[in-house]
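Written out below as structure tokens is the structure these notes cover.
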Amino acid sequence: MKKLLIIGSIIVVLFAAVIVLTNVSNNNKLSSGNNPYGDKKLKQETIDQLDDENYQNIMLPDELEAKIEAGEDVNAYFFSPICVHCQAFTPKLMPIADELGVDIAQLNVYEYGGLWDEYHIDATPTFIRFEDGKEVNRFEGALQEEDLRAFMNTVVLKK
């Protein structure tokens with residue numbers, strides 16, 4: 001019985017240590033200056049993505065709305081950190097966008113659930129091109145590289 005109590009105590013201490021280390025790691029990520037979400041209480045999957053190089057163009061919904069209302073051209077990429085299709089597609093999308101000089105605003109629908117209805121998003125990933133305050137084109141899902149390049153060149157860059 002004594003051995004069982006000791007083993008149980010060790011397991012409890014290990015779980016407590018894991019919780020403490022996770023909280024310390026999360027707090028470091030949130031206070032590191034890489035947090036574009038401001039004071040918002042973030043879900044763990046979003047916190048895990050804060051230092052991912054493919055998710056460094058985060059835009060908040062209010063910023064997107066302001067740009068659209070101002071008539072600016074915006075390339076909005078709606079993603080979720082829990083979407084396996086986004087996790088596979090974003091590492092393909094962002095390098096191609098960088099190569100072509102296309103600025104893409106990334107919007108997290110996992111943290112901002114209202115974006116689904118506001119922009120009529122049915123699935124992630126979704127890419128919407130806005131010009132003069134209006135949506136001019138979109139694609140949903142992960143495109144093949146050649147289709148993505150064609151979209152960027154014809155719709156975004158108008159080549």
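Going through the structure tokens in order, the chains are called A, B, and so on, while each chain numbers its residues from 1 and the ligands are numbered from 1 in the order shown.
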Residues near range 57-72 of chain A, anyone? I mean within 6 Å using only C-alpha atoms, not counting same-chain ones fewer than 3 positions away, as JSON, numbers by chain. {"A": [105, 106, 107, 132, 133]}
Write the selection just made, keeping N, CA and C atoms, as a PDB file, in the first residue's frame?
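Written file, again_21.pdb:
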```pdb
ATOM      1  N   ALA A 105      -3.172  38.722 -45.884  1.00  0.00           N
ATOM      2  CA  ALA A 105      -3.618  38.908 -44.505  1.00  0.00           C
ATOM      3  C   ALA A 105      -4.239  37.592 -44.037  1.00  0.00           C
ATOM      4  N   GLN A 106      -3.727  37.061 -42.940  1.00  0.00           N
ATOM      5  CA  GLN A 106      -4.217  35.793 -42.416  1.00  0.00           C
ATOM      6  C   GLN A 106      -5.203  36.054 -41.281  1.00  0.00           C
ATOM      7  N   LEU A 107      -6.377  35.437 -41.384  1.00  0.00           N
ATOM      8  CA  LEU A 107      -7.418  35.624 -40.376  1.00  0.00           C
ATOM      9  C   LEU A 107      -7.791  34.273 -39.772  1.00  0.00           C
ATOM     10  N   ASP A 132     -11.507  47.477 -54.167  1.00  0.00           N
ATOM     11  CA  ASP A 132     -12.457  48.594 -54.067  1.00  0.00           C
ATOM     12  C   ASP A 132     -13.613  48.291 -53.121  1.00  0.00           C
ATOM     13  N   GLY A 133     -13.308  47.593 -52.027  1.00  0.00           N
ATOM     14  CA  GLY A 133     -14.309  47.321 -51.008  1.00  0.00           C
ATOM     15  C   GLY A 133     -15.252  46.178 -51.318  1.00  0.00           C
TER      16      GLY A 133
END
```
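With only C-alpha atoms taken into account, the protein and nucleic acid residues at most 9 Å from Asp103 in chain A (excluding it and anything under 6 positions from it in its own chain) are Asn57, Val74, Asn75 and Ala97 of chain A.
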Please run DSSP on the backbone and report, as JSON, numbers by chain, all residues within chain A that come out as strand (DSSP E). {"A": [74, 75, 76, 77, 78, 79, 105, 106, 107, 108, 126, 127, 128, 129, 130, 131, 134, 135, 136, 137, 138, 139, 140]}
Helix (DSSP H, G or I) positions in chain A, given as a ChimeraX atom specification: /A:2-31,44-49,53-55,61-69,84-100,114-118,145-156
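Using only C-alpha atoms, the protein and nucleic acid residues lying no more than 9 Å from Val156 in chain A, apart from those fewer than 4 places from it along its own chain, are Asn75, Val102, Arg129, Phe151 and Met152 of chain A.
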